[in-house]
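**Student:** I am attaching a structure below and will ask some questions about it afterwards.
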Amino acid sequence: MLSELDQILQKALQELETAKDESSLESWRIAHLGRSASLMLLFDQLGKINKEERPVVGRRANEVKQTLEAAFTKRIESLRQSTLQRSLQTERLDVTLPGRSLPLGRLHPATISMRAVIRAFGDMGFQVYRSPEAETDDYNFGLLNMPPHHPARDMWDTFYTSMPNVSLRPHTSPGQIHVMRQYATEPIRAILPGVCYRYEQISTRKETQFNQLEVLAVGKNITLADLKGTVSDFARRLLGQNIRTRFRASHFPFTEPSAEYDFECLLCQGKGCSVCAYTGWLEIGGCGMVHPIVLQNGGYDPGKFSGFAAGLGTERIMMLKHRIEDIRNFWANDMRFLEQF
Ligand code: DAH
């Protein structure tokens, strides 16, 4: 029996050498260490041999079993190691290679410009008020002192909608009525930013969509001096202490008196260049003292209250600052333009 055990051991170890993968190792384990392996059958026969031989054979059988188990574990371990080594070699990943960088988003130039303007007015104590982009005829015109059929309405080429009396706002001025009606008769220091729409012939200077910012101050004893001071201070905050401003008399139905204001051309310091059409000045927006009828429509008694208002196109400021020659760039979605800011 001892020699039979030796044979079993020799044969099993030889076969183990030839097992090259996990599945042949598993077949080997079943064949040599499984229930019906010759070694296991030999254990069953131990009871039949005589008492003197039994311990010797039994010990040897156990040794053979342990040797085979150890050899099996060693073999399977080395097989796993070599599989691992092979995959480490062939599937090598160079983590030092730079990855693909994600494109970083940025603010749209119209937003950058709007934020700069809002910041300047915010620092002077004005608060942002949002008003709707679609308005009734009354808000867009009527309550701003332009009754139906009034020729002044022609100053705004308006988009009318299929809903009677509703149009897209052609300016942010209707927001004045909303703020006043909400806060009458409290004092107001408000700025109203937002997109406006006009049925324009599109050109380098005109778009059907653009941002405006409306300024409104209402209270007691507000004068034209406050308007001039605020607009000039705004210019200095945005463009530097030395910037000069000027006011020219003008007409708007919702202000009396009315003016337009210009900033000294930044590009030529007032000397005259192609951007300012050789005048040295850049037109920024309209302004004036809030018309008594408008104050009344907002819920303020024009005998007790007064106010000033101003409006400006915020894309224009960006155009002046960066010499952008075509307003259409703002909404054309061309990355070559947008990535410059
Ligand atoms: N709403 C005017 C426009 O879009 C601009 C304007 C002029 C606003 C005078 C004002 C103002 O508040 O007082 O052309």
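If you're wondering about the labels, chains in the structure tokens are A, B, ... by order shown, residues count from 1 in each chain, ligands from 1 in order shown.
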As an MDAnalysis selection string, please: the residues near segment 231-244 of chain A (cut-off 6 Å, only C-alpha atoms, same-chain neighbours under 2 positions excluded).
**Tutor:** chainID A and resid 120 228:229 264
**Student:** Using only C-alpha atoms and all ligand atoms, which residues of chain A come within 7 Å of ligand 1, and what is the closest atom pair for each, with the distance in Å to one decimal? Give it as a Markdown table, sorted by chain and residue number.
**Tutor:**
| residue | atom | partner | partner_atom_place_in_ligand_line | distance |
| --- | --- | --- | --- | --- |
| A:Pro170 | CA | ligand 1 | 4 (O) | 6.8 |
| A:His171 | CA | ligand 1 | 4 (O) | 4.4 |
| A:Thr172 | CA | ligand 1 | 1 (N) | 6.1 |
| A:Ser173 | CA | ligand 1 | 1 (N) | 5.0 |
| A:Glu214 | CA | ligand 1 | 12 (O) | 5.6 |
| A:Val215 | CA | ligand 1 | 12 (O) | 6.2 |
| A:Phe252 | CA | ligand 1 | 9 (C) | 5.8 |
| A:Phe254 | CA | ligand 1 | 13 (O) | 6.6 |
| A:Thr255 | CA | ligand 1 | 13 (O) | 5.4 |
| A:Ser258 | CA | ligand 1 | 9 (C) | 6.7 |
| A:Gly285 | CA | ligand 1 | 5 (C) | 6.2 |
| A:Gly286 | CA | ligand 1 | 7 (C) | 3.6 |
| A:Cys287 | CA | ligand 1 | 13 (O) | 3.5 |
| A:Gly288 | CA | ligand 1 | 13 (O) | 4.5 |
| A:Met289 | CA | ligand 1 | 13 (O) | 6.8 |
| A:Val290 | CA | ligand 1 | 13 (O) | 6.7 |
| A:Phe308 | CA | ligand 1 | 13 (O) | 6.9 |
| A:Ala309 | CA | ligand 1 | 12 (O) | 4.1 |
| A:Ala310 | CA | ligand 1 | 12 (O) | 3.6 |
| A:Gly311 | CA | ligand 1 | 8 (C) | 3.7 |
| A:Leu312 | CA | ligand 1 | 5 (C) | 6.5 |
**Student:** Since we have the selection now, will you write its residues out, keeping all heavy atoms, as a compact mmCIF listing (two decimals), in the first residue's frame?
**Tutor:**
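Contents of part_31.txt, as written:
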# COMPACT_ATOMS: atom_id res chain seq x y z
N PRO A 170 -40.66 96.81 -25.71
CA PRO A 170 -39.61 97.38 -26.56
C PRO A 170 -38.60 98.18 -25.74
O PRO A 170 -37.58 98.63 -26.26
CB PRO A 170 -40.40 98.30 -27.50
CG PRO A 170 -41.59 98.72 -26.71
CD PRO A 170 -41.90 97.63 -25.72
N HIS A 171 -38.88 98.36 -24.46
CA HIS A 171 -37.96 99.05 -23.54
C HIS A 171 -38.29 98.62 -22.11
O HIS A 171 -39.32 97.97 -21.89
CB HIS A 171 -38.01 100.58 -23.70
CG HIS A 171 -39.38 101.19 -23.57
ND1 HIS A 171 -39.60 102.53 -23.45
CD2 HIS A 171 -40.62 100.63 -23.52
CE1 HIS A 171 -40.90 102.78 -23.36
NE2 HIS A 171 -41.53 101.65 -23.39
N THR A 172 -37.38 98.94 -21.17
CA THR A 172 -37.63 98.52 -19.78
C THR A 172 -38.47 99.53 -19.01
O THR A 172 -38.84 99.29 -17.86
CB THR A 172 -36.30 98.30 -19.03
OG1 THR A 172 -35.39 99.35 -19.36
CG2 THR A 172 -35.67 96.96 -19.39
N SER A 173 -38.83 100.66 -19.65
CA SER A 173 -39.58 101.70 -18.94
C SER A 173 -40.92 101.23 -18.33
O SER A 173 -41.30 101.73 -17.27
CB SER A 173 -39.80 102.91 -19.85
OG SER A 173 -38.56 103.41 -20.28
N GLU A 214 -33.03 100.10 -16.72
CA GLU A 214 -33.83 101.27 -16.38
C GLU A 214 -33.44 101.70 -14.97
O GLU A 214 -33.25 100.85 -14.10
CB GLU A 214 -35.31 100.86 -16.40
CG GLU A 214 -36.28 101.99 -16.34
CD GLU A 214 -36.50 102.60 -17.73
OE1 GLU A 214 -36.02 102.03 -18.73
OE2 GLU A 214 -37.14 103.66 -17.79
N VAL A 215 -33.32 102.99 -14.76
CA VAL A 215 -33.01 103.51 -13.42
C VAL A 215 -34.20 104.33 -12.97
O VAL A 215 -34.74 105.13 -13.75
CB VAL A 215 -31.76 104.43 -13.45
CG1 VAL A 215 -31.33 104.80 -12.04
CG2 VAL A 215 -30.61 103.75 -14.19
N PHE A 252 -38.82 112.66 -24.36
CA PHE A 252 -39.46 111.37 -24.14
C PHE A 252 -40.82 111.66 -23.51
O PHE A 252 -40.91 112.55 -22.65
CB PHE A 252 -38.63 110.48 -23.20
CG PHE A 252 -37.29 110.11 -23.77
CD1 PHE A 252 -36.13 110.80 -23.38
CD2 PHE A 252 -37.17 109.08 -24.70
CE1 PHE A 252 -34.90 110.48 -23.91
CE2 PHE A 252 -35.93 108.76 -25.23
CZ PHE A 252 -34.80 109.46 -24.84
N PHE A 254 -42.46 110.15 -21.29
CA PHE A 254 -42.62 109.81 -19.88
C PHE A 254 -41.72 110.61 -18.95
O PHE A 254 -41.67 110.35 -17.75
CB PHE A 254 -42.41 108.30 -19.67
CG PHE A 254 -41.40 107.69 -20.62
CD1 PHE A 254 -40.05 107.66 -20.30
CD2 PHE A 254 -41.82 107.18 -21.84
CE1 PHE A 254 -39.14 107.10 -21.18
CE2 PHE A 254 -40.90 106.62 -22.73
CZ PHE A 254 -39.55 106.59 -22.41
N THR A 255 -40.96 111.56 -19.50
CA THR A 255 -40.14 112.43 -18.64
C THR A 255 -40.33 113.89 -19.05
O THR A 255 -40.58 114.19 -20.21
CB THR A 255 -38.64 112.07 -18.73
OG1 THR A 255 -38.32 111.80 -20.10
CG2 THR A 255 -38.29 110.89 -17.88
N SER A 258 -36.67 116.22 -20.45
CA SER A 258 -35.97 114.99 -20.87
C SER A 258 -34.59 115.34 -21.43
O SER A 258 -34.39 116.47 -21.89
CB SER A 258 -36.75 114.28 -21.97
OG SER A 258 -38.07 114.01 -21.56
N GLY A 285 -27.59 106.92 -23.32
CA GLY A 285 -29.01 106.63 -23.06
C GLY A 285 -29.83 107.88 -22.87
O GLY A 285 -29.36 109.01 -23.07
N GLY A 286 -31.12 107.66 -22.51
CA GLY A 286 -32.05 108.77 -22.28
C GLY A 286 -32.35 108.89 -20.80
O GLY A 286 -32.15 107.95 -20.04
N CYS A 287 -32.83 110.08 -20.41
CA CYS A 287 -33.16 110.27 -18.99
C CYS A 287 -34.08 111.48 -18.82
O CYS A 287 -34.40 112.16 -19.79
CB CYS A 287 -31.89 110.47 -18.17
SG CYS A 287 -30.95 111.94 -18.65
N GLY A 288 -34.48 111.74 -17.61
CA GLY A 288 -35.31 112.92 -17.36
C GLY A 288 -35.98 112.84 -16.01
O GLY A 288 -35.79 111.88 -15.25
N MET A 289 -36.78 113.87 -15.71
CA MET A 289 -37.57 113.86 -14.48
C MET A 289 -38.89 113.17 -14.79
O MET A 289 -39.53 113.48 -15.80
CB MET A 289 -37.82 115.30 -13.99
CG MET A 289 -36.55 116.08 -13.68
SD MET A 289 -35.43 115.21 -12.53
CE MET A 289 -36.38 115.33 -11.00
N VAL A 290 -39.27 112.23 -13.93
CA VAL A 290 -40.47 111.43 -14.21
C VAL A 290 -41.68 112.35 -14.41
O VAL A 290 -41.94 113.26 -13.59
CB VAL A 290 -40.75 110.42 -13.07
CG1 VAL A 290 -41.97 109.57 -13.38
CG2 VAL A 290 -39.53 109.54 -12.84
N PHE A 308 -36.57 110.83 -10.78
CA PHE A 308 -35.87 110.83 -12.07
C PHE A 308 -35.77 109.41 -12.60
O PHE A 308 -35.87 108.44 -11.84
CB PHE A 308 -34.48 111.49 -11.98
CG PHE A 308 -33.45 110.73 -11.20
CD1 PHE A 308 -32.82 109.61 -11.72
CD2 PHE A 308 -33.06 111.17 -9.92
CE1 PHE A 308 -31.86 108.92 -11.00
CE2 PHE A 308 -32.09 110.48 -9.20
CZ PHE A 308 -31.49 109.35 -9.74
N ALA A 309 -35.61 109.33 -13.93
CA ALA A 309 -35.49 108.01 -14.57
C ALA A 309 -34.42 108.10 -15.64
O ALA A 309 -34.14 109.18 -16.18
CB ALA A 309 -36.82 107.59 -15.18
N ALA A 310 -33.82 106.97 -15.94
CA ALA A 310 -32.83 106.91 -17.02
C ALA A 310 -32.85 105.50 -17.60
O ALA A 310 -33.25 104.55 -16.93
CB ALA A 310 -31.43 107.25 -16.49
N GLY A 311 -32.45 105.41 -18.84
CA GLY A 311 -32.37 104.09 -19.46
C GLY A 311 -31.08 103.98 -20.25
O GLY A 311 -30.60 104.98 -20.79
N LEU A 312 -30.50 102.77 -20.29
CA LEU A 312 -29.29 102.61 -21.11
C LEU A 312 -29.22 101.20 -21.67
O LEU A 312 -29.76 100.26 -21.08
CB LEU A 312 -28.03 102.93 -20.30
CG LEU A 312 -27.75 102.14 -19.04
CD1 LEU A 312 -26.53 101.27 -19.24
CD2 LEU A 312 -27.54 103.07 -17.88
**Student:** For Glu135 of chain A, which of A:Tyr197, A:Glu4, A:Glu260, A:Gly298 is the closest residue, counting only C-alpha atoms?
**Tutor:**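 Among the listed residues, the smallest separation from Glu135 of chain A belongs to A:Tyr197.
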**Student:** How many Å separate atom CA of Pro257 of chain A from atom CA of His291 of chain A?
**Tutor:**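 Atom-to-atom, atom CA of Pro257 of chain A and atom CA of His291 of chain A are spaced 8.0 Å apart.
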**Student:** Residues near Phe141 of chain A, anyone? I mean within 10 Å using only C-alpha atoms, not counting same-chain ones fewer than 4 positions away, as a PyMOL selection string.
**Tutor:** chain A and resi 135-137+145-148+150+152-153+156+169-171+173-174+253-254
**Student:** Generate the output file for the selected residues, N, CA and C atoms, as a PDB file, in the first residue's frame.
**Tutor:**
ATOM      1  N   GLU A 135     -45.705  92.492 -22.072  1.00  0.00           N
ATOM      2  CA  GLU A 135     -46.487  93.479 -21.320  1.00  0.00           C
ATOM      3  C   GLU A 135     -47.782  93.801 -22.061  1.00  0.00           C
ATOM      4  N   THR A 136     -48.728  94.361 -21.340  1.00  0.00           N
ATOM      5  CA  THR A 136     -49.921  94.854 -22.036  1.00  0.00           C
ATOM      6  C   THR A 136     -49.580  96.212 -22.652  1.00  0.00           C
ATOM      7  N   ASP A 137     -50.402  96.583 -23.603  1.00  0.00           N
ATOM      8  CA  ASP A 137     -50.263  97.854 -24.292  1.00  0.00           C
ATOM      9  C   ASP A 137     -50.191  99.027 -23.308  1.00  0.00           C
ATOM     10  N   ASN A 145     -47.668 107.643 -20.504  1.00  0.00           N
ATOM     11  CA  ASN A 145     -48.095 108.916 -21.098  1.00  0.00           C
ATOM     12  C   ASN A 145     -48.137 108.879 -22.629  1.00  0.00           C
ATOM     13  N   MET A 146     -48.409 107.702 -23.198  1.00  0.00           N
ATOM     14  CA  MET A 146     -48.595 107.613 -24.645  1.00  0.00           C
ATOM     15  C   MET A 146     -49.930 106.924 -24.919  1.00  0.00           C
ATOM     16  N   PRO A 147     -51.007 107.704 -24.987  1.00  0.00           N
ATOM     17  CA  PRO A 147     -52.314 107.088 -25.219  1.00  0.00           C
ATOM     18  C   PRO A 147     -52.370 106.383 -26.580  1.00  0.00           C
ATOM     19  N   PRO A 148     -53.384 105.506 -26.811  1.00  0.00           N
ATOM     20  CA  PRO A 148     -53.487 104.837 -28.108  1.00  0.00           C
ATOM     21  C   PRO A 148     -53.418 105.833 -29.249  1.00  0.00           C
ATOM     22  N   HIS A 150     -51.093 107.588 -30.193  1.00  0.00           N
ATOM     23  CA  HIS A 150     -50.160 108.709 -30.024  1.00  0.00           C
ATOM     24  C   HIS A 150     -48.934 108.460 -30.923  1.00  0.00           C
ATOM     25  N   ALA A 152     -45.941 109.257 -30.700  1.00  0.00           N
ATOM     26  CA  ALA A 152     -44.679 108.931 -30.025  1.00  0.00           C
ATOM     27  C   ALA A 152     -44.447 107.422 -29.965  1.00  0.00           C
ATOM     28  N   ARG A 153     -45.514 106.634 -30.051  1.00  0.00           N
ATOM     29  CA  ARG A 153     -45.350 105.172 -30.015  1.00  0.00           C
ATOM     30  C   ARG A 153     -44.477 104.673 -31.176  1.00  0.00           C
ATOM     31  N   TRP A 156     -40.845 103.341 -30.981  1.00  0.00           N
ATOM     32  CA  TRP A 156     -40.513 101.946 -30.634  1.00  0.00           C
ATOM     33  C   TRP A 156     -41.174 100.999 -31.635  1.00  0.00           C
ATOM     34  N   ARG A 169     -41.940  93.727 -24.617  1.00  0.00           N
ATOM     35  CA  ARG A 169     -41.562  95.099 -24.238  1.00  0.00           C
ATOM     36  C   ARG A 169     -40.466  95.615 -25.163  1.00  0.00           C
ATOM     37  N   PRO A 170     -40.664  96.814 -25.712  1.00  0.00           N
ATOM     38  CA  PRO A 170     -39.615  97.378 -26.564  1.00  0.00           C
ATOM     39  C   PRO A 170     -38.603  98.177 -25.742  1.00  0.00           C
ATOM     40  N   HIS A 171     -38.885  98.363 -24.462  1.00  0.00           N
ATOM     41  CA  HIS A 171     -37.957  99.047 -23.545  1.00  0.00           C
ATOM     42  C   HIS A 171     -38.287  98.616 -22.113  1.00  0.00           C
ATOM     43  N   SER A 173     -38.831 100.658 -19.652  1.00  0.00           N
ATOM     44  CA  SER A 173     -39.581 101.700 -18.939  1.00  0.00           C
ATOM     45  C   SER A 173     -40.918 101.228 -18.331  1.00  0.00           C
ATOM     46  N   PRO A 174     -41.675 100.282 -18.966  1.00  0.00           N
ATOM     47  CA  PRO A 174     -42.919  99.836 -18.313  1.00  0.00           C
ATOM     48  C   PRO A 174     -42.692  99.302 -16.902  1.00  0.00           C
ATOM     49  N   PRO A 253     -41.853 110.936 -23.894  1.00  0.00           N
ATOM     50  CA  PRO A 253     -43.191 111.236 -23.378  1.00  0.00           C
ATOM     51  C   PRO A 253     -43.315 111.016 -21.875  1.00  0.00           C
ATOM     52  N   PHE A 254     -42.457 110.149 -21.295  1.00  0.00           N
ATOM     53  CA  PHE A 254     -42.619 109.814 -19.880  1.00  0.00           C
ATOM     54  C   PHE A 254     -41.718 110.608 -18.955  1.00  0.00           C
TER      55      PHE A 254
END
**Student:** Which residue is closest to Glu63 of chain A? Choose from A:Thr111, A:Asp6, A:Val95, A:Val275 and count only C-alpha atoms.
**Tutor:**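 Using only C-alpha atoms, Glu63 of chain A sits closest to A:Asp6.
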**Student:** Which residue is closest to Ile327 of chain A? Choose from A:Phe210, A:Phe72, A:Tyr129, A:Phe263 and count only C-alpha atoms.
**Tutor:**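 The shortest atom-to-atom distance to Ile327 of chain A comes from A:Phe210.
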**Student:** Name the residues of segment 104-319 of chain A that fall into strand (DSSP E) according to DSSP on the backbone, using the chain letters and numbers of this document, as a PyMOL selection string.
**Tutor:** chain A and resi 127-128+134-136+166-168+188-197+209-219+245-250+255-264+281-290+306-313
**Student:** Could you pull out the alpha helix (DSSP H) residues of segment 157-318 of chain A from DSSP and send them as a PyMOL selection string?
**Tutor:** chain A and resi 174-183+224-239+292-298+314-318
**Student:** What does the file look like for those residues with N, CA, C and O atoms, as a short mmCIF file (atom, residue, chain, number, x, y, z; two decimals), in the first residue's frame?
**Tutor:**
data_model
loop_
_atom_site.label_atom_id
_atom_site.label_comp_id
_atom_site.auth_asym_id
_atom_site.auth_seq_id
_atom_site.Cartn_x
_atom_site.Cartn_y
_atom_site.Cartn_z
N PRO A 174 -41.68 100.28 -18.97
CA PRO A 174 -42.92 99.84 -18.31
C PRO A 174 -42.69 99.30 -16.90
O PRO A 174 -43.60 99.38 -16.05
N GLY A 175 -41.48 98.83 -16.64
CA GLY A 175 -41.17 98.33 -15.29
C GLY A 175 -41.32 99.43 -14.24
O GLY A 175 -41.60 99.15 -13.07
N GLN A 176 -41.11 100.70 -14.66
CA GLN A 176 -41.27 101.82 -13.71
C GLN A 176 -42.64 101.77 -13.05
O GLN A 176 -42.77 102.00 -11.84
N ILE A 177 -43.68 101.49 -13.88
CA ILE A 177 -45.05 101.47 -13.35
C ILE A 177 -45.21 100.31 -12.35
O ILE A 177 -45.79 100.48 -11.28
N HIS A 178 -44.61 99.15 -12.70
CA HIS A 178 -44.72 98.00 -11.78
C HIS A 178 -44.09 98.31 -10.42
O HIS A 178 -44.69 98.03 -9.39
N VAL A 179 -42.87 98.88 -10.42
CA VAL A 179 -42.22 99.16 -9.11
C VAL A 179 -43.04 100.16 -8.33
O VAL A 179 -43.26 99.99 -7.14
N MET A 180 -43.45 101.24 -9.02
CA MET A 180 -44.17 102.29 -8.29
C MET A 180 -45.46 101.73 -7.70
O MET A 180 -45.77 101.99 -6.54
N ARG A 181 -46.19 100.96 -8.50
CA ARG A 181 -47.46 100.42 -7.99
C ARG A 181 -47.24 99.47 -6.82
O ARG A 181 -48.07 99.36 -5.93
N GLN A 182 -46.11 98.77 -6.84
CA GLN A 182 -45.85 97.84 -5.72
C GLN A 182 -45.44 98.59 -4.45
O GLN A 182 -45.78 98.18 -3.36
N TYR A 183 -44.69 99.71 -4.62
CA TYR A 183 -44.12 100.33 -3.42
C TYR A 183 -44.74 101.68 -3.04
O TYR A 183 -44.38 102.24 -2.01
N LEU A 224 -33.35 117.60 -10.69
CA LEU A 224 -32.51 117.32 -11.86
C LEU A 224 -31.04 117.19 -11.44
O LEU A 224 -30.28 116.44 -12.05
N ALA A 225 -30.67 117.88 -10.36
CA ALA A 225 -29.29 117.78 -9.87
C ALA A 225 -28.99 116.35 -9.42
O ALA A 225 -27.88 115.83 -9.63
N ASP A 226 -30.00 115.70 -8.81
CA ASP A 226 -29.80 114.31 -8.38
C ASP A 226 -29.60 113.40 -9.60
O ASP A 226 -28.78 112.49 -9.58
N LEU A 227 -30.39 113.67 -10.64
CA LEU A 227 -30.24 112.88 -11.87
C LEU A 227 -28.84 113.04 -12.45
O LEU A 227 -28.15 112.05 -12.73
N LYS A 228 -28.40 114.29 -12.59
CA LYS A 228 -27.08 114.53 -13.18
C LYS A 228 -25.98 113.94 -12.31
O LYS A 228 -25.03 113.33 -12.81
N GLY A 229 -26.12 114.10 -11.01
CA GLY A 229 -25.12 113.57 -10.08
C GLY A 229 -25.03 112.06 -10.17
O GLY A 229 -23.94 111.48 -10.22
N THR A 230 -26.20 111.41 -10.23
CA THR A 230 -26.21 109.94 -10.26
C THR A 230 -25.60 109.41 -11.55
O THR A 230 -24.77 108.49 -11.54
N VAL A 231 -26.02 110.02 -12.68
CA VAL A 231 -25.50 109.54 -13.97
C VAL A 231 -23.99 109.78 -14.07
O VAL A 231 -23.24 108.91 -14.53
N SER A 232 -23.54 110.94 -13.60
CA SER A 232 -22.10 111.23 -13.67
C SER A 232 -21.31 110.31 -12.75
O SER A 232 -20.22 109.82 -13.09
N ASP A 233 -21.88 110.05 -11.56
CA ASP A 233 -21.20 109.16 -10.62
C ASP A 233 -21.13 107.75 -11.20
O ASP A 233 -20.10 107.07 -11.08
N PHE A 234 -22.21 107.34 -11.86
CA PHE A 234 -22.23 106.02 -12.50
C PHE A 234 -21.09 105.93 -13.53
O PHE A 234 -20.34 104.95 -13.57
N ALA A 235 -20.94 106.98 -14.34
CA ALA A 235 -19.89 107.00 -15.36
C ALA A 235 -18.51 106.85 -14.71
O ALA A 235 -17.66 106.08 -15.17
N ARG A 236 -18.30 107.56 -13.60
CA ARG A 236 -16.99 107.49 -12.94
C ARG A 236 -16.74 106.12 -12.33
O ARG A 236 -15.64 105.59 -12.39
N ARG A 237 -17.78 105.54 -11.73
CA ARG A 237 -17.63 104.20 -11.12
C ARG A 237 -17.30 103.15 -12.18
O ARG A 237 -16.52 102.24 -11.95
N LEU A 238 -17.93 103.31 -13.35
CA LEU A 238 -17.75 102.29 -14.39
C LEU A 238 -16.47 102.52 -15.20
O LEU A 238 -15.79 101.58 -15.57
N LEU A 239 -16.16 103.80 -15.47
CA LEU A 239 -15.11 104.07 -16.45
C LEU A 239 -13.94 104.89 -15.91
O LEU A 239 -13.03 105.22 -16.65
N PRO A 292 -45.26 114.01 -14.42
CA PRO A 292 -46.29 113.96 -13.37
C PRO A 292 -47.38 112.91 -13.64
O PRO A 292 -47.84 112.23 -12.71
N ILE A 293 -47.76 112.75 -14.90
CA ILE A 293 -48.80 111.76 -15.22
C ILE A 293 -48.31 110.35 -14.93
O ILE A 293 -49.05 109.48 -14.46
N VAL A 294 -47.03 110.11 -15.20
CA VAL A 294 -46.45 108.78 -14.94
C VAL A 294 -46.39 108.53 -13.42
O VAL A 294 -46.73 107.44 -12.94
N LEU A 295 -45.98 109.57 -12.68
CA LEU A 295 -45.96 109.43 -11.21
C LEU A 295 -47.35 109.08 -10.70
O LEU A 295 -47.52 108.17 -9.88
N GLN A 296 -48.32 109.78 -11.23
CA GLN A 296 -49.71 109.57 -10.83
C GLN A 296 -50.15 108.12 -11.17
O GLN A 296 -50.76 107.44 -10.36
N ASN A 297 -49.81 107.68 -12.37
CA ASN A 297 -50.16 106.32 -12.78
C ASN A 297 -49.50 105.27 -11.88
O ASN A 297 -49.99 104.16 -11.73
N GLY A 298 -48.36 105.66 -11.30
CA GLY A 298 -47.66 104.73 -10.39
C GLY A 298 -48.21 104.81 -8.97
O GLY A 298 -47.80 104.02 -8.12
N THR A 314 -27.12 98.06 -22.28
CA THR A 314 -25.88 97.59 -21.65
C THR A 314 -24.90 96.96 -22.64
O THR A 314 -23.70 96.99 -22.41
N GLU A 315 -25.40 96.40 -23.74
CA GLU A 315 -24.46 95.86 -24.74
C GLU A 315 -23.61 96.99 -25.33
O GLU A 315 -22.44 96.80 -25.66
N ARG A 316 -24.23 98.16 -25.44
CA ARG A 316 -23.50 99.31 -26.02
C ARG A 316 -22.25 99.62 -25.22
O ARG A 316 -21.20 99.97 -25.77
N ILE A 317 -22.35 99.49 -23.91
CA ILE A 317 -21.20 99.80 -23.05
C ILE A 317 -20.06 98.83 -23.34
O ILE A 317 -18.90 99.23 -23.45
N MET A 318 -20.42 97.56 -23.51
CA MET A 318 -19.41 96.54 -23.84
C MET A 318 -18.81 96.85 -25.22
O MET A 318 -17.61 96.69 -25.42
#
**Student:** Quick one: distance from atom CA of Ile191 of chain A to atom CA of Leu338 of chain A in Å, one decimal?
**Tutor:** 26.4 Å
**Student:** I'd like the contact shell of Thr185 of chain A - 9 Å cut-off, only C-alpha atoms, skipping same-chain residues fewer than 5 positions apart - returned as a PyMOL selection string.
**Tutor:** chain A and resi 180+219+299-301+305
**Student:** Of the candidates A:Arg205, A:Ser87, A:Glu283, A:Gly34, which one gets nearest to Glu325 of chain A if we count only C-alpha atoms?
**Tutor:**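 Closest residue, counting only C-alpha atoms: A:Arg205.
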**Student:** Go through A:Asn140, A:Met163, A:Thr158, A:Pro302 one by one, measure the shortest atom-to-atom distance of each to Lys220 of chain A using only C-alpha atoms, and give the residue with the smallest value.
**Tutor:**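 The answer is A:Pro302, which sits nearest to Lys220 of chain A.
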**Student:** Closest to Ile324 of chain A among A:Leu267, A:Ile222, A:Ile284, A:Leu84, using only C-alpha atoms?
**Tutor:** A:Leu267
